[in-house]
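Quick look at input-v2.txt (compact mmCIF, C-alpha atoms):
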```
# COMPACT_ATOMS: atom_id res chain seq x y z
CA MET U 1 0.00 0.00 0.00
CA SER U 2 1.13 3.57 -0.40
CA GLN U 3 1.84 6.16 2.28
CA SER U 4 2.51 8.88 -0.25
CA ALA U 5 1.30 12.28 0.83
CA SER U 6 -0.22 13.05 -2.56
CA SER U 7 -3.97 13.05 -2.71
CA VAL U 8 -6.03 10.82 -4.98
CA PHE U 9 -9.69 11.75 -5.01
CA PRO U 10 -11.86 9.03 -6.43
CA THR U 11 -13.87 10.05 -9.46
CA PRO U 12 -17.62 10.34 -9.00
CA SER U 13 -19.69 7.27 -9.57
CA LEU U 14 -21.27 6.87 -12.97
CA THR U 15 -24.30 5.08 -11.55
CA PRO U 16 -27.61 6.18 -13.05
CA ASP U 17 -28.65 7.99 -9.90
CA GLU U 18 -25.52 10.14 -9.69
CA PRO U 19 -25.31 12.81 -8.46
CA GLU U 20 -28.28 12.76 -6.07
CA ASN U 21 -27.38 9.53 -4.26
CA TRP U 22 -23.61 9.62 -4.64
CA THR U 23 -22.25 8.83 -1.23
CA GLY U 24 -18.57 9.18 -2.01
CA ARG U 25 -16.41 12.24 -2.15
CA SER U 26 -17.68 14.25 -5.09
CA SER U 27 -15.40 16.36 -7.25
CA ARG U 28 -18.36 18.59 -8.12
CA LEU U 29 -18.32 21.06 -5.28
CA ARG U 30 -21.04 23.60 -4.78
CA SER U 31 -19.76 27.12 -4.40
CA SER U 32 -21.36 27.40 -0.95
CA GLU U 33 -19.41 24.35 0.14
CA LEU U 34 -16.16 25.82 -1.10
CA ALA U 35 -16.51 29.00 0.89
CA GLY U 36 -14.06 28.78 3.77
CA TYR U 37 -13.58 25.03 3.30
CA ASP U 38 -10.59 23.38 1.75
CA GLY U 39 -11.23 19.71 2.39
CA SER U 40 -13.12 16.96 0.66
CA VAL U 41 -16.88 17.39 0.78
CA GLU U 42 -19.41 14.90 1.98
CA ARG U 43 -22.69 15.82 0.39
CA ALA U 44 -26.02 15.37 2.09
CA THR U 45 -26.53 12.09 0.22
CA ASP U 46 -23.70 10.45 2.14
CA THR U 47 -24.61 7.86 4.77
CA GLU U 48 -21.01 6.96 5.38
CA ALA U 49 -19.47 7.83 8.69
CA PRO U 50 -16.98 10.65 8.42
CA ILE U 51 -13.57 9.10 8.16
CA HIS U 52 -11.30 10.69 10.72
CA ARG U 53 -8.00 11.66 9.20
CA ASP U 54 -5.14 13.82 10.30
CA LYS U 55 -4.71 17.00 8.35
CA HIS U 56 -2.07 16.93 5.63
CA ALA U 57 -0.86 20.27 4.40
CA SER U 58 -0.43 19.01 0.84
CA THR U 59 -3.86 17.39 0.49
CA GLY U 60 -6.10 19.52 2.66
CA LEU U 61 -7.73 16.42 4.10
CA VAL U 62 -9.11 17.33 7.48
CA ASN U 63 -11.09 15.70 10.25
CA ALA U 64 -14.19 15.05 8.19
CA SER U 65 -16.66 14.84 11.05
CA VAL U 66 -15.61 18.21 12.50
CA GLU U 67 -15.54 19.75 9.05
CA ALA U 68 -19.04 18.51 8.23
CA VAL U 69 -20.30 20.23 11.36
CA LYS U 70 -18.25 23.35 10.69
CA ARG U 71 -19.65 23.59 7.18
CA ALA U 72 -23.21 23.58 8.47
CA VAL U 73 -22.44 26.13 11.13
CA HIS U 74 -20.29 28.24 8.83
CA GLU U 75 -23.16 28.90 6.50
CA ARG U 76 -25.04 30.67 9.29
CA LEU U 77 -22.60 31.51 12.02
CA ALA U 78 -19.23 32.05 10.39
CA PRO U 79 -17.78 34.27 13.13
CA ILE U 80 -18.68 31.77 15.88
CA ALA U 81 -17.90 28.45 14.22
CA ASP U 82 -14.26 28.16 15.17
CA HIS U 83 -15.03 28.89 18.78
CA LEU U 84 -17.83 26.39 19.13
CA VAL U 85 -16.67 23.31 17.22
CA ARG U 86 -13.78 21.48 18.80
CA PRO U 87 -11.58 18.85 17.14
CA ALA U 88 -12.37 15.25 17.99
CA LYS U 89 -10.75 14.23 21.26
CA PRO U 90 -8.79 10.97 21.64
CA ARG U 91 -11.17 8.09 22.08
CA VAL U 92 -11.25 4.86 24.00
CA PHE U 93 -11.71 1.79 21.81
CA PHE U 94 -13.11 -1.58 22.70
CA GLN U 95 -11.91 -4.77 21.03
CA ALA U 96 -14.77 -7.22 21.43
CA LEU U 97 -13.89 -10.85 21.97
CA GLU U 98 -17.27 -12.19 22.97
CA ASN U 99 -20.84 -10.83 22.99
CA TRP U 100 -23.96 -12.14 24.62
CA GLU U 101 -27.49 -10.89 24.96
CA GLY U 102 -28.93 -11.65 28.38
CA THR U 103 -32.43 -11.83 29.81
CA VAL U 104 -32.79 -11.55 33.56
CA LEU U 105 -34.53 -14.59 35.03
CA GLU U 106 -34.25 -13.97 38.73
CA VAL U 107 -32.95 -11.19 40.96
CA ARG U 108 -31.40 -12.33 44.25
CA GLU U 109 -29.91 -10.38 47.11
CA GLU U 110 -26.49 -9.69 45.69
CA THR U 111 -26.68 -11.46 42.37
CA PHE U 112 -28.99 -12.07 39.48
CA VAL U 113 -29.45 -15.02 37.16
CA ALA U 114 -29.79 -14.57 33.44
CA ARG U 115 -30.21 -16.59 30.29
CA LEU U 116 -27.52 -15.76 27.76
CA THR U 117 -28.19 -15.91 24.05
CA ASP U 118 -25.69 -15.57 21.21
CA PRO U 119 -26.82 -12.60 19.07
CA LEU U 120 -25.52 -14.45 15.99
CA GLY U 121 -27.22 -17.69 16.96
CA GLU U 122 -24.01 -19.70 16.73
CA ARG U 123 -23.74 -20.82 20.35
CA LYS U 124 -26.25 -22.57 22.55
CA ASP U 125 -28.08 -20.59 25.22
CA GLU U 126 -26.46 -20.60 28.62
CA GLU U 127 -27.43 -19.57 32.10
CA ALA U 128 -25.15 -17.47 34.27
CA GLU U 129 -25.17 -15.66 37.59
CA PHE U 130 -23.82 -12.14 37.87
CA PHE U 131 -23.03 -9.87 40.79
CA THR U 132 -25.38 -6.91 41.05
CA ASP U 133 -22.35 -4.77 41.83
CA ASP U 134 -21.12 -5.44 38.29
CA VAL U 135 -24.08 -3.46 36.96
CA SER U 136 -23.57 0.28 36.58
CA GLU U 137 -25.47 2.24 39.19
CA TRP U 138 -27.55 3.97 36.56
CA ASP U 139 -28.67 0.63 35.15
CA ARG U 140 -29.60 -0.99 38.47
CA LYS U 141 -33.13 0.35 38.46
CA LEU U 142 -33.64 -1.56 35.20
CA LEU U 143 -32.67 -4.84 36.88
CA ALA U 144 -35.84 -6.92 36.98
CA PRO U 145 -36.98 -10.26 35.62
CA GLY U 146 -37.43 -9.98 31.87
CA ALA U 147 -34.99 -7.10 31.48
CA VAL U 148 -32.61 -7.42 28.55
CA PHE U 149 -28.94 -6.58 28.74
CA TYR U 150 -25.80 -6.87 26.66
CA TRP U 151 -22.69 -8.55 28.03
CA SER U 152 -19.45 -7.83 26.18
CA LEU U 153 -16.07 -9.31 26.95
CA GLY U 154 -12.99 -7.85 25.39
CA ARG U 155 -10.13 -5.43 25.69
CA THR U 156 -10.33 -1.69 26.29
CA ILE U 157 -7.64 0.33 24.54
CA GLU U 158 -7.04 3.79 26.01
CA PRO U 159 -5.79 6.72 23.90
CA THR U 160 -2.39 6.14 25.50
CA GLY U 161 -2.37 2.58 24.19
CA ALA U 162 -2.87 1.06 27.63
CA THR U 163 -4.87 -2.12 27.23
CA SER U 164 -6.96 -3.98 29.77
CA ARG U 165 -9.44 -6.84 29.82
CA THR U 166 -12.96 -5.66 30.42
CA SER U 167 -16.39 -7.06 30.92
CA THR U 168 -19.29 -4.70 30.27
CA LEU U 169 -22.91 -5.12 31.24
CA ARG U 170 -25.32 -2.63 29.71
CA PHE U 171 -29.07 -2.81 29.95
CA ARG U 172 -31.25 -2.22 26.93
CA ARG U 173 -32.99 1.15 26.92
CA LEU U 174 -35.96 1.63 24.70
CA PRO U 175 -39.13 3.63 25.34
CA ALA U 176 -41.39 1.63 27.65
CA TRP U 177 -43.93 0.98 24.92
CA SER U 178 -41.26 -0.13 22.48
CA ARG U 179 -42.36 -3.68 21.71
CA PRO U 180 -45.87 -2.87 20.51
CA GLU U 181 -44.55 0.24 18.78
CA LEU U 182 -41.90 -1.82 17.00
CA ALA U 183 -44.62 -4.17 15.82
CA ARG U 184 -46.69 -1.19 14.65
CA ALA U 185 -43.67 0.28 12.86
CA GLU U 186 -43.21 -3.00 11.03
CA GLU U 187 -46.91 -3.15 10.15
CA ARG U 188 -46.87 0.44 8.91
CA ALA U 189 -43.78 -0.27 6.83
CA GLU U 190 -45.41 -3.34 5.32
CA SER U 191 -48.64 -1.53 4.51
CA LEU U 192 -46.70 1.33 2.96
CA ALA U 193 -44.70 -1.14 0.86
CA THR U 194 -47.91 -2.78 -0.30
CA ALA U 195 -49.43 0.61 -1.10
CA PHE U 196 -46.38 1.64 -3.15
CA GLU U 197 -46.44 -1.68 -5.01
CA SER U 198 -50.09 -1.24 -5.98
CA VAL U 199 -49.43 2.33 -7.16
CA ASP U 200 -46.49 1.07 -9.24
CA GLY U 201 -48.72 -1.66 -10.66
CA ARG U 202 -51.42 0.83 -11.68
CA ASN U 203 -48.84 3.16 -13.22
CA LYS U 204 -47.34 0.32 -15.26
CA GLN U 205 -50.77 -0.71 -16.53
CA SER U 206 -51.68 2.81 -17.62
CA SER U 207 -48.34 3.63 -19.30
CA MET S 1 -1.29 -12.33 7.81
CA ALA S 2 -3.40 -10.32 10.28
CA SER S 3 -5.30 -12.03 13.07
CA GLY S 4 -8.59 -10.69 11.72
CA LEU S 5 -9.30 -8.86 14.98
CA PRO S 6 -9.38 -5.08 14.58
CA GLU S 7 -7.46 -2.86 16.95
CA LYS S 8 -10.02 -0.08 16.73
CA THR S 9 -13.62 -0.09 15.63
CA GLN S 10 -16.26 2.56 15.37
CA VAL S 11 -19.84 1.68 14.57
CA SER S 12 -22.19 4.40 13.41
CA ILE S 13 -25.66 4.97 12.07
CA VAL S 14 -26.32 7.78 9.61
CA LEU S 15 -29.80 8.89 8.61
CA LEU S 16 -30.57 11.34 5.84
CA GLY S 17 -33.73 13.38 5.96
CA ALA S 18 -34.94 16.49 7.75
CA PHE S 19 -34.10 17.09 11.40
CA ASN S 20 -34.40 19.74 14.04
CA PRO S 21 -30.93 19.75 15.63
CA ARG S 22 -32.09 21.72 18.64
CA LEU S 23 -34.19 18.79 19.76
CA PHE S 24 -31.18 16.48 20.09
CA HIS S 25 -29.97 17.68 23.44
CA PRO S 26 -28.53 15.02 25.75
CA ALA S 27 -31.09 16.05 28.38
CA TRP S 28 -33.87 14.98 26.02
CA PHE S 29 -32.27 11.56 25.56
CA GLY S 30 -31.93 11.19 29.32
CA LYS S 31 -35.48 12.28 30.02
CA GLN S 32 -36.88 9.85 27.48
CA GLY S 33 -34.94 6.99 29.05
CA LEU S 34 -32.85 6.50 25.92
CA MET S 35 -29.67 6.93 27.92
CA PRO S 36 -28.99 7.01 31.66
CA GLU S 37 -29.89 10.44 33.03
CA ASP S 38 -26.57 10.68 34.83
CA GLU S 39 -24.73 9.92 31.60
CA ALA S 40 -26.81 12.55 29.80
CA LYS S 41 -26.01 15.14 32.50
CA GLN S 42 -22.30 14.47 32.08
CA ALA S 43 -22.40 14.75 28.30
CA GLU S 44 -19.88 17.03 26.69
CA ILE S 45 -21.84 19.41 24.51
CA ALA S 46 -20.02 21.02 21.61
CA ILE S 47 -23.01 22.89 20.24
CA ILE S 48 -26.79 22.83 20.35
CA HIS S 49 -28.16 25.19 17.71
CA GLU S 50 -30.98 25.31 15.17
CA GLN S 51 -28.50 24.32 12.44
CA VAL S 52 -26.34 21.81 14.23
CA ALA S 53 -26.13 19.78 17.43
CA GLN S 54 -23.10 17.83 18.59
CA PHE S 55 -22.43 16.11 21.89
CA SER S 56 -20.63 13.10 23.25
CA THR S 57 -21.10 10.91 26.30
CA GLY S 58 -18.90 8.15 27.65
CA SER S 59 -20.62 5.80 25.25
CA HIS S 60 -21.87 7.70 22.23
CA GLU S 61 -21.23 10.59 19.93
CA VAL S 62 -24.16 12.35 18.27
CA GLN S 63 -24.05 14.95 15.50
CA VAL S 64 -27.18 16.32 13.87
CA THR S 65 -27.54 18.87 11.13
CA THR S 66 -30.76 19.84 9.38
CA ASP S 67 -30.37 17.04 6.81
CA ARG S 68 -28.28 14.41 8.57
CA PHE S 69 -28.32 12.46 11.82
CA PHE S 70 -25.13 10.71 12.92
CA ALA S 71 -24.64 8.57 16.02
CA ALA S 72 -21.54 6.54 16.74
CA THR S 73 -19.81 4.48 19.36
CA THR S 74 -16.39 2.94 19.80
CA ARG S 75 -17.49 0.85 22.76
CA ASP S 76 -19.22 -2.48 22.79
CA PRO S 77 -22.06 -3.33 23.14
CA TYR S 78 -22.77 -1.80 19.72
CA ASP S 79 -26.38 -2.93 20.15
CA ALA S 80 -26.80 -0.06 22.61
CA LEU S 81 -26.17 2.36 19.73
CA ARG S 82 -28.83 0.59 17.70
CA ASP S 83 -31.24 0.86 20.64
CA LEU S 84 -30.50 4.57 21.01
CA VAL S 85 -31.40 5.27 17.39
CA VAL S 86 -34.40 2.92 17.35
CA GLY S 87 -35.74 4.47 20.53
CA THR S 88 -35.19 7.98 19.22
CA PHE S 89 -37.11 7.44 16.03
CA LEU S 90 -39.85 5.41 17.64
CA LEU S 91 -40.51 8.59 19.59
CA LEU S 92 -39.91 10.92 16.61
CA ASP S 93 -41.96 8.80 14.25
CA GLN S 94 -42.90 11.64 11.91
CA THR S 95 -39.29 12.56 11.09
CA PRO S 96 -38.75 12.70 7.32
CA ILE S 97 -36.12 10.06 6.55
CA ARG S 98 -35.07 8.90 3.11
CA ALA S 99 -31.88 6.90 3.53
CA MET S 100 -29.84 5.14 6.17
CA GLY S 101 -26.28 3.91 6.49
CA ILE S 102 -25.04 1.38 8.99
CA ASN S 103 -21.29 1.84 9.10
CA ARG S 104 -18.50 -0.17 10.59
CA ASP S 105 -15.01 1.38 10.54
CA SER S 106 -12.08 -0.68 11.70
CA HIS S 107 -8.33 -0.35 11.83
CA PHE S 108 -6.28 -3.54 11.62
CA LYS S 109 -2.66 -3.86 12.64
CA MET S 110 -0.70 -5.86 10.09
CA PRO S 111 2.05 -8.18 11.36
CA SER S 112 4.62 -6.69 8.99
CA GLU S 113 5.08 -4.13 6.22
CA ALA S 114 5.21 -6.98 3.74
CA ASP S 115 1.78 -8.18 4.85
CA TRP S 116 0.53 -4.62 4.72
CA HIS S 117 1.73 -4.19 1.14
CA LYS S 118 0.23 -7.58 0.26
CA VAL S 119 -3.27 -6.32 1.04
CA GLY S 120 -2.94 -3.47 -1.45
CA HIS S 121 -1.25 -5.61 -4.09
CA THR S 122 -3.92 -8.29 -3.79
CA LEU S 123 -6.76 -5.81 -4.15
CA VAL S 124 -5.07 -3.79 -6.89
CA PRO S 125 -2.29 -5.83 -8.51
CA LYS S 126 0.62 -3.53 -9.25
CA GLU S 127 1.44 -5.33 -12.50
CA ASN S 128 -1.68 -3.60 -13.85
CA TRP S 129 -0.03 -0.22 -13.27
CA PRO S 130 3.23 -0.42 -15.26
CA PHE S 131 2.98 3.30 -16.08
CA LEU S 132 3.44 4.26 -12.43
CA ARG S 133 6.63 3.89 -10.48
CA GLU S 134 6.12 1.96 -7.22
CA PRO S 135 2.30 2.11 -7.36
CA GLY S 136 0.44 1.64 -4.14
CA VAL S 137 -3.15 1.93 -2.99
CA ARG S 138 -3.95 5.23 -1.37
CA MET S 139 -7.65 4.56 -1.14
CA LEU S 140 -9.88 1.96 -2.73
CA ILE S 141 -13.66 2.22 -2.86
CA GLU S 142 -15.56 -0.83 -4.02
CA GLU S 143 -19.33 -0.98 -4.24
CA GLY S 144 -21.63 -3.93 -4.64
CA LEU S 145 -25.34 -4.62 -4.84
CA ARG S 146 -27.21 -5.38 -1.67
CA PRO S 147 -27.58 -9.09 -0.83
CA ASP S 148 -31.21 -8.59 0.18
CA ASP S 149 -34.33 -7.11 -1.40
CA GLU S 150 -33.70 -3.61 -0.09
CA LYS S 151 -32.68 -0.69 -2.33
CA GLY S 152 -29.20 0.63 -1.77
CA TYR S 153 -25.72 -0.79 -1.91
CA ILE S 154 -22.77 -1.96 0.14
CA ARG S 155 -19.71 0.20 -0.21
CA VAL S 156 -16.28 -0.66 1.15
CA HIS S 157 -13.39 1.77 1.59
CA VAL S 158 -9.91 0.38 2.08
CA ALA S 159 -6.93 2.58 2.81
CA PRO S 160 -3.69 2.58 4.77
CA SER S 161 -4.51 3.32 8.37
CA GLU S 162 -3.29 6.65 9.66
CA GLN S 163 -3.89 5.53 13.23
CA ILE S 164 -1.95 2.27 13.18
CA VAL S 165 1.27 1.70 11.27
CA PRO S 166 1.53 -0.61 9.46
CA GLY S 167 -2.22 -0.90 9.41
CA VAL S 168 -5.23 -1.10 7.17
CA SER S 169 -8.36 0.97 7.59
CA ILE S 170 -11.61 -0.46 6.30
CA GLN S 171 -15.01 1.14 6.31
CA VAL S 172 -18.14 -0.74 5.31
CA ASN S 173 -21.10 1.47 4.45
CA ASP S 174 -24.29 -0.59 4.43
CA HIS S 175 -26.56 1.86 2.62
CA TYR S 176 -30.34 1.69 2.41
CA ALA S 177 -32.14 4.12 0.14
CA TRP S 178 -35.89 4.54 0.21
CA ASN S 179 -36.35 7.99 -1.33
CA PRO S 180 -39.99 8.29 -0.36
CA ALA S 181 -42.34 10.66 -2.14
CA ASP S 182 -42.79 14.23 -0.90
CA GLY S 183 -44.67 14.24 2.37
CA GLU S 184 -43.81 10.61 3.07
CA THR S 185 -41.10 9.23 5.30
CA ALA S 186 -39.20 5.98 5.57
CA VAL S 187 -38.76 6.29 9.33
CA ASN S 188 -40.73 3.09 9.96
CA GLU S 189 -38.62 1.18 7.46
CA ALA S 190 -35.46 2.48 9.09
CA VAL S 191 -36.58 1.52 12.58
CA ALA S 192 -37.77 -1.91 11.47
CA LEU S 193 -34.50 -2.59 9.66
CA LEU S 194 -32.41 -1.53 12.60
CA ALA S 195 -34.43 -3.84 14.80
CA THR S 196 -34.25 -6.85 12.47
CA ALA S 197 -31.17 -6.53 10.26
CA TRP S 198 -28.62 -4.99 12.62
CA HIS S 199 -26.78 -8.18 13.49
CA ASP S 200 -26.72 -9.32 9.87
CA SER S 201 -25.16 -6.00 8.91
CA MET S 202 -22.55 -6.22 11.67
CA GLU S 203 -21.68 -9.81 10.84
CA ARG S 204 -21.47 -9.10 7.10
CA ALA S 205 -19.11 -6.18 7.65
CA THR S 206 -16.91 -8.22 9.99
CA LYS S 207 -16.62 -11.05 7.49
CA MET S 208 -15.75 -8.66 4.66
CA MET S 209 -13.05 -7.02 6.70
CA THR S 210 -11.58 -10.31 7.83
CA ALA S 211 -11.47 -11.53 4.23
CA ILE S 212 -9.64 -8.36 3.14
CA VAL S 213 -6.93 -8.37 5.80
CA THR S 214 -6.30 -12.10 5.98
CA VAL S 215 -4.96 -12.48 2.48
CA PRO S 216 -2.86 -15.65 2.26
```
In structure tokens, write the structure found in this file.
Amino acid sequence: MSQSASSVFPTPSLTPDEPENWTGRSSRLRSSELAGYDGSVERATDTEAPIHRDKHASTGLVNASVEAVKRAVHERLAPIADHLVRPAKPRVFFQALENWEGTVLEVREETFVARLTDPLGERKDEEAEFFTDDVSEWDRKLLAPGAVFYWSLGRTIEPTGATSRTSTLRFRRLPAWSRPELARAEERAESLATAFESVDGRNKQSS
Amino acid sequence: MASGLPEKTQVSIVLLGAFNPRLFHPAWFGKQGLMPEDEAKQAEIAIIHEQVAQFSTGSHEVQVTTDRFFAATTRDPYDALRDLVVGTFLLLDQTPIRAMGINRDSHFKMPSEADWHKVGHTLVPKENWPFLREPGVRMLIEEGLRPDDEKGYIRVHVAPSEQIVPGVSIQVNDHYAWNPADGETAVNEAVALLATAWHDSMERATKMMTAIVTVP
């Protein structure tokens, strides 16, 4: 691979729906995007995560996530933008080794028992007992039979590079009425899909 | 050959549509039970404005502009990020949404420079570039059709990692495009997909990345 400092911007896609749905870095920059901005532009059709890069003087590539925010602010609040938007701070990363989804079966005095399910369905269900103290204080009020949590085992890597083994328990948080609402969302989506299909069918017949 | 286990991973969800950034204050997330209230109170707020909102907590980073919602995490369980977005748009079920991306960005440490070069040379054989001296991949973007019935694509970026040397950075953009008619929204489709297809998306991205970095 190449570590050359020279920039190579990919050419725009030639897919039929270009440019509206182009989600790469477009070479066709709007003048409003150029004003005060010297980096690559992610247009509002882009569902990619901003790719964090260090700034290179020769290429003008900058921290894309900060720049996306700055661009939006710049259009309205140019004098304030630089004061308000800070560069991304060093982050802690987690290297997952094992993941389980748990359902609380029983809450005891100092522990709770849960059924563990593999989210990918590759391992058999297991039962395990956990210490209540291993649950974050802000999640303890969620601890009740039927509550769902995620158990992740892995390594935490600090910005300094320091690495440690960690086990994380985090309880699922969805609005209280989530299950029926999820079902309704699916029903609405299905009925919309059916409606669109019948409209398409009528249009094809009449054309 | 790399172990296949990334050193660093960020998972994110991007929604395109129409948003009111001012609404996305960490206090709102805490009050709605979408994140612990204590975590919401300790959030670091960069800006909350009618044009843009940006804040981060110990677990998540959220950025919202008037046409784009972005939420990310570098900490497992990644399912908690999915829950945050599902919960948000179950509550904001009239939000105009037209496209969604589920993104997985990882940085892999390569055992040696030779292995690192091998990734680039396997993806883009240098014998096909005789007109360049010492050609090397600076960034590769490959796109493929979706493996399901949904509209959109899967797009993969591969580049040398600037965070790990020698390392390879891979981003998988799992893009869904609904493009609903004016006045309509695909928020229900987005929520339903996040609820049902999240693990498939995560697993697919992991397998793609492993295949790229573990070239023989």
Residues within 8 Å of segment 22-35 of chain S, all atoms listed in the file, excluding chain neighbours under 3 positions, as an NGL selection string: (:U and (173-175)) or (:S and (38-41 or 43 or 48-53 or 55 or 64 or 83-84 or 87-88))
Residue nearest Arg155 of chain U among U:Ser136, U:Thr111, U:Gln95, U:Thr47 (counting all atoms listed in the file):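 Among the listed residues, the smallest separation from Arg155 of chain U belongs to U:Gln95.
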Interatomic distance (Å, one decimal) between atom CA of Arg204 of chain S and atom CA of Glu98 of chain U: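 Pair atom CA of Arg204 of chain S / atom CA of Glu98 of chain U returns 16.7 Å.
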Exercise answer, chain S residues close to chain U, 6 Å and all atoms listed in the file, as a ChimeraX atom specification: /S:8,14,34,36,46,74-75,87,101,117,120,136-138,173,188-189,192
Straight-line distance linking atom CA of Arg68 of chain S with atom CA of Leu16 of chain S, stated in Å to one decimal: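 Separating atom CA of Arg68 of chain S from atom CA of Leu16 of chain S is a distance of 4.7 Å.
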Protein/DNA/RNA residues near (-31.6, -16.2, 35.1), cut 8 Å, all atoms listed in the file, as a count of residues only: 12
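Note that atom CA of Pro96 of chain S and atom CA of Ala177 of chain S are 13.0 Å apart.
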Once 4 Å is added on each side, what centre and edge lengths in Å to one decimal does the axis-aligned box around all listed atoms of segment 23-26 of chain S have, as JSON?
```
{"center_x": -31.4, "center_y": 16.9, "center_z": 22.8, "size_x": 13.7, "size_y": 11.8, "size_z": 14.0}
```
Ala99 of chain S surroundings by all atoms listed in the file, 8 Å radius, close-in-sequence under 5 positions cut, as number ranges by chain: U: 47; S: 15-17, 175-179, 186, 190
Close residues, segment 107-116 of chain S itself excluded, 6 Å, all atoms listed in the file, min 2 positions apart in chain, as a ChimeraX atom specification: /S:1-2,6-8,118-119,166-169
Distance criterion (only C-alpha atoms): nearest to Ala211 of chain S out of S:Thr57, S:Asn20, S:Thr122, S:Gln63: S:Thr122
Near-Tyr78 of chain S list (7 Å; all atoms listed in the file; drop same-chain fewer than 4 positions) as a list in words: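 So, after excluding close chain neighbours, the residues are Val11, Thr73 and Arg82 of chain S.
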Exercise: Ser12 of chain S partners within 7 Å, all atoms listed in the file, chain neighbours under 6 positions left out, as a list in words: Ala49 of chain U; Phe70, Ala71, Ala72, Thr73, Ile102, Asn103 and Arg104 of chain S
